[in-house]
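Report on the following structure.
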Amino acid sequence: MKYEECSLISREGGFALVITLLIMLVVSVIGFAAMTTTDIEVRISGNNHWGNQAFYAADGGVEIALADGSNFQRTGKNLDLTEPVRASVTVGYDPTQKGAPRGKGISALHFEFDHYLVTSKGYTSVATLSASSKVQEKVIKLVPTGQGGY
């Protein structure tokens, strides 16, 4: 009887290739998942950026409306701003609200109180992305009565 020597290496010649291909597959899947996650994170960051820009535009619209006292008339007023912010601002008089606001320190005897609601919608748009934000602020205007202030 003749014995043949079979080495382990000769029987496992393709095994290294299979292991190498499996490792390459796993690394490729991990790389693809990392690229997809990065792409999603970049989109989320961009949406957050443009949302913040729209909020700042709306808040800037409120501040611009507050800076000009002539905006507070009982008839209300609409402002369409493009510079320095892109916002559509509405100053509305609320006749249903009467009297001084609630809270400490309000003791004006010879004043009337006009209640206004300033609503500002800011917006941004770049290429295919657009965002909008709405800010509201309540404003109370002290109006001296015929008896004079204090």
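Here's how to read the names in the structure tokens: chain A, B, ... by the order shown, residue numbers from 1 in each chain, ligand numbers from 1 in the order shown.
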Which stretch 99-140 of chain A residues have any atom within 8 Å of an atom of stretch 48-72 of chain A, and for each, what is the nearest pair of atoms with distance in Å to one decimal, counting only C-alpha atoms, rows sorted by chain and number, as CSV?
residue,atom,partner,partner_atom,distance
A:Tyr116,CA,A:Phe72,CA,7.4
A:Val118,CA,A:Val62,CA,6.6
A:Thr119,CA,A:Val62,CA,7.1
A:Ser120,CA,A:Ala58,CA,5.1
A:Lys121,CA,A:Ala58,CA,5.0
A:Gly122,CA,A:Ala58,CA,3.8
A:Tyr123,CA,A:Ala54,CA,4.6
A:Thr124,CA,A:Ala54,CA,5.5
A:Ser125,CA,A:Trp50,CA,7.9
A:Ser130,CA,A:Trp50,CA,7.2
A:Ala131,CA,A:Gly51,CA,5.5
A:Ser132,CA,A:Ala54,CA,5.1
A:Ser133,CA,A:Phe55,CA,5.0
A:Lys134,CA,A:Ala58,CA,6.1
A:Val135,CA,A:Ala58,CA,5.9
A:Gln136,CA,A:Val62,CA,7.8
A:Glu137,CA,A:Val62,CA,7.5
| request: Would you please extract all alpha helix (DSSP H) residues from chain A, as assigned by DSSP on the backbone, and give them as a PyMOL selection string? | output: chain A and resi 8-11+15-67
| field | Which of stretch 6-150 of chain A fall in strand (DSSP E or B), as JSON, numbers by chain | value | {"A": [77, 78, 79, 80, 81, 87, 88, 89, 90, 91, 92, 93, 111, 112, 113, 114, 115, 116, 117, 118, 119, 120, 121, 122, 123, 124, 125, 126, 129, 130, 131, 132, 133, 134, 135, 136, 137, 138, 139, 140, 141, 142, 143, 144]}
Go ahead and write the residues just picked, N, CA and C atoms, as a CSV table (one decimal), in the first residue's frame.
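The file below, out.csv, is the result:
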chain,number,residue,atom,x,y,z
A,77,LYS,N,-51.5,97.2,10.5
A,77,LYS,CA,-50.6,97.6,9.4
A,77,LYS,C,-49.9,96.3,8.9
A,78,ASN,N,-49.6,96.2,7.6
A,78,ASN,CA,-48.9,95.1,7.0
A,78,ASN,C,-47.6,95.7,6.5
A,79,LEU,N,-46.5,94.9,6.7
A,79,LEU,CA,-45.2,95.3,6.2
A,79,LEU,C,-44.6,94.1,5.4
A,80,ASP,N,-44.1,94.3,4.2
A,80,ASP,CA,-43.4,93.3,3.4
A,80,ASP,C,-42.0,93.7,3.3
A,81,LEU,N,-41.1,93.0,4.0
A,81,LEU,CA,-39.7,93.4,4.1
A,81,LEU,C,-38.9,92.5,3.2
A,87,ALA,N,-39.2,89.1,5.4
A,87,ALA,CA,-40.3,88.7,6.3
A,87,ALA,C,-41.5,89.5,5.9
A,88,SER,N,-42.6,88.9,6.2
A,88,SER,CA,-43.9,89.5,6.0
A,88,SER,C,-44.5,89.7,7.4
A,89,VAL,N,-44.7,91.0,7.8
A,89,VAL,CA,-45.1,91.4,9.1
A,89,VAL,C,-46.5,92.0,9.1
A,90,THR,N,-47.3,91.5,10.1
A,90,THR,CA,-48.6,92.1,10.3
A,90,THR,C,-48.7,92.6,11.7
A,91,VAL,N,-49.1,93.9,11.9
A,91,VAL,CA,-49.3,94.5,13.2
A,91,VAL,C,-50.8,94.6,13.3
A,92,GLY,N,-51.4,93.8,14.2
A,92,GLY,CA,-52.9,93.8,14.3
A,92,GLY,C,-53.3,94.4,15.7
A,93,TYR,N,-54.3,95.2,15.7
A,93,TYR,CA,-54.9,95.8,16.9
A,93,TYR,C,-55.9,94.8,17.4
A,111,PHE,N,-54.1,106.2,31.9
A,111,PHE,CA,-53.7,105.7,30.7
A,111,PHE,C,-54.7,104.6,30.2
A,112,GLU,N,-54.8,104.6,28.9
A,112,GLU,CA,-55.5,103.5,28.2
A,112,GLU,C,-54.4,102.5,27.7
A,113,PHE,N,-54.8,101.3,27.5
A,113,PHE,CA,-53.9,100.3,27.0
A,113,PHE,C,-54.4,99.7,25.7
A,114,ASP,N,-53.6,100.0,24.6
A,114,ASP,CA,-53.9,99.4,23.3
A,114,ASP,C,-53.1,98.1,23.2
A,115,HIS,N,-53.8,97.0,22.9
A,115,HIS,CA,-53.2,95.7,22.7
A,115,HIS,C,-53.0,95.4,21.3
A,116,TYR,N,-51.8,95.0,20.9
A,116,TYR,CA,-51.4,94.6,19.5
A,116,TYR,C,-50.8,93.3,19.5
A,117,LEU,N,-50.9,92.6,18.4
A,117,LEU,CA,-50.2,91.3,18.1
A,117,LEU,C,-49.4,91.5,16.9
A,118,VAL,N,-48.1,91.4,17.0
A,118,VAL,CA,-47.2,91.5,15.9
A,118,VAL,C,-46.9,90.1,15.4
A,119,THR,N,-47.2,89.8,14.2
A,119,THR,CA,-47.0,88.4,13.6
A,119,THR,C,-46.0,88.6,12.4
A,120,SER,N,-44.9,87.9,12.5
A,120,SER,CA,-43.9,88.0,11.4
A,120,SER,C,-43.6,86.6,10.9
A,121,LYS,N,-43.7,86.5,9.5
A,121,LYS,CA,-43.3,85.2,8.9
A,121,LYS,C,-42.1,85.4,8.1
A,122,GLY,N,-41.0,84.8,8.5
A,122,GLY,CA,-39.7,84.9,7.8
A,122,GLY,C,-39.5,83.7,6.9
A,123,TYR,N,-38.8,83.9,5.8
A,123,TYR,CA,-38.6,82.8,4.9
A,123,TYR,C,-37.3,83.0,4.2
A,124,THR,N,-36.7,81.8,3.8
A,124,THR,CA,-35.5,81.7,3.1
A,124,THR,C,-35.7,80.7,2.0
A,125,SER,N,-35.0,80.9,0.9
A,125,SER,CA,-35.0,79.9,-0.1
A,125,SER,C,-33.7,79.9,-0.9
A,126,VAL,N,-33.1,78.8,-1.1
A,126,VAL,CA,-31.9,78.6,-1.9
A,126,VAL,C,-32.1,77.4,-2.7
A,129,LEU,N,-34.2,74.2,-1.8
A,129,LEU,CA,-34.5,74.2,-0.3
A,129,LEU,C,-35.2,75.5,0.0
A,130,SER,N,-36.2,75.4,0.8
A,130,SER,CA,-36.9,76.6,1.3
A,130,SER,C,-37.4,76.3,2.8
A,131,ALA,N,-37.4,77.4,3.5
A,131,ALA,CA,-37.9,77.3,4.9
A,131,ALA,C,-38.6,78.5,5.3
A,132,SER,N,-39.6,78.3,6.2
A,132,SER,CA,-40.3,79.5,6.8
A,132,SER,C,-40.5,79.3,8.3
A,133,SER,N,-40.7,80.4,9.0
A,133,SER,CA,-40.8,80.4,10.4
A,133,SER,C,-41.8,81.6,10.8
A,134,LYS,N,-42.5,81.3,11.8
A,134,LYS,CA,-43.5,82.4,12.2
A,134,LYS,C,-43.2,82.7,13.7
A,135,VAL,N,-43.2,84.0,14.0
A,135,VAL,CA,-42.9,84.6,15.3
A,135,VAL,C,-44.0,85.5,15.6
A,136,GLN,N,-44.6,85.4,16.8
A,136,GLN,CA,-45.6,86.3,17.3
A,136,GLN,C,-45.2,87.0,18.6
A,137,GLU,N,-45.5,88.2,18.7
A,137,GLU,CA,-45.2,89.0,20.0
A,137,GLU,C,-46.3,89.9,20.3
A,138,LYS,N,-46.7,89.9,21.6
A,138,LYS,CA,-47.8,90.8,22.0
A,138,LYS,C,-47.2,92.1,22.5
A,139,VAL,N,-47.8,93.2,22.1
A,139,VAL,CA,-47.3,94.5,22.4
A,139,VAL,C,-48.4,95.3,23.0
A,140,ILE,N,-48.1,96.0,24.1
A,140,ILE,CA,-49.1,96.9,24.7
A,140,ILE,C,-48.6,98.3,24.7
A,141,LYS,N,-49.4,99.2,24.1
A,141,LYS,CA,-49.1,100.6,24.0
A,141,LYS,C,-49.9,101.4,25.0
A,142,LEU,N,-49.1,102.2,25.8
A,142,LEU,CA,-49.8,103.1,26.8
A,142,LEU,C,-50.2,104.4,26.1
A,143,VAL,N,-51.5,104.7,26.2
A,143,VAL,CA,-52.0,105.9,25.6
A,143,VAL,C,-52.5,106.8,26.7
A,144,PRO,N,-52.0,108.0,26.8
A,144,PRO,CA,-52.5,108.9,27.8
A,144,PRO,C,-53.9,109.3,27.6
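We find atom CA of A:Val42 and atom CA of A:Met24 to be spaced 26.8 Å apart.
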| remark: Taken to one decimal, the atom CA of A:Ala127-atom CA of A:Gly46 distance is 12.3 Å
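Between atom CA of A:Gln73 and atom CA of A:Asp94 the interatomic distance comes to 10.7 Å.
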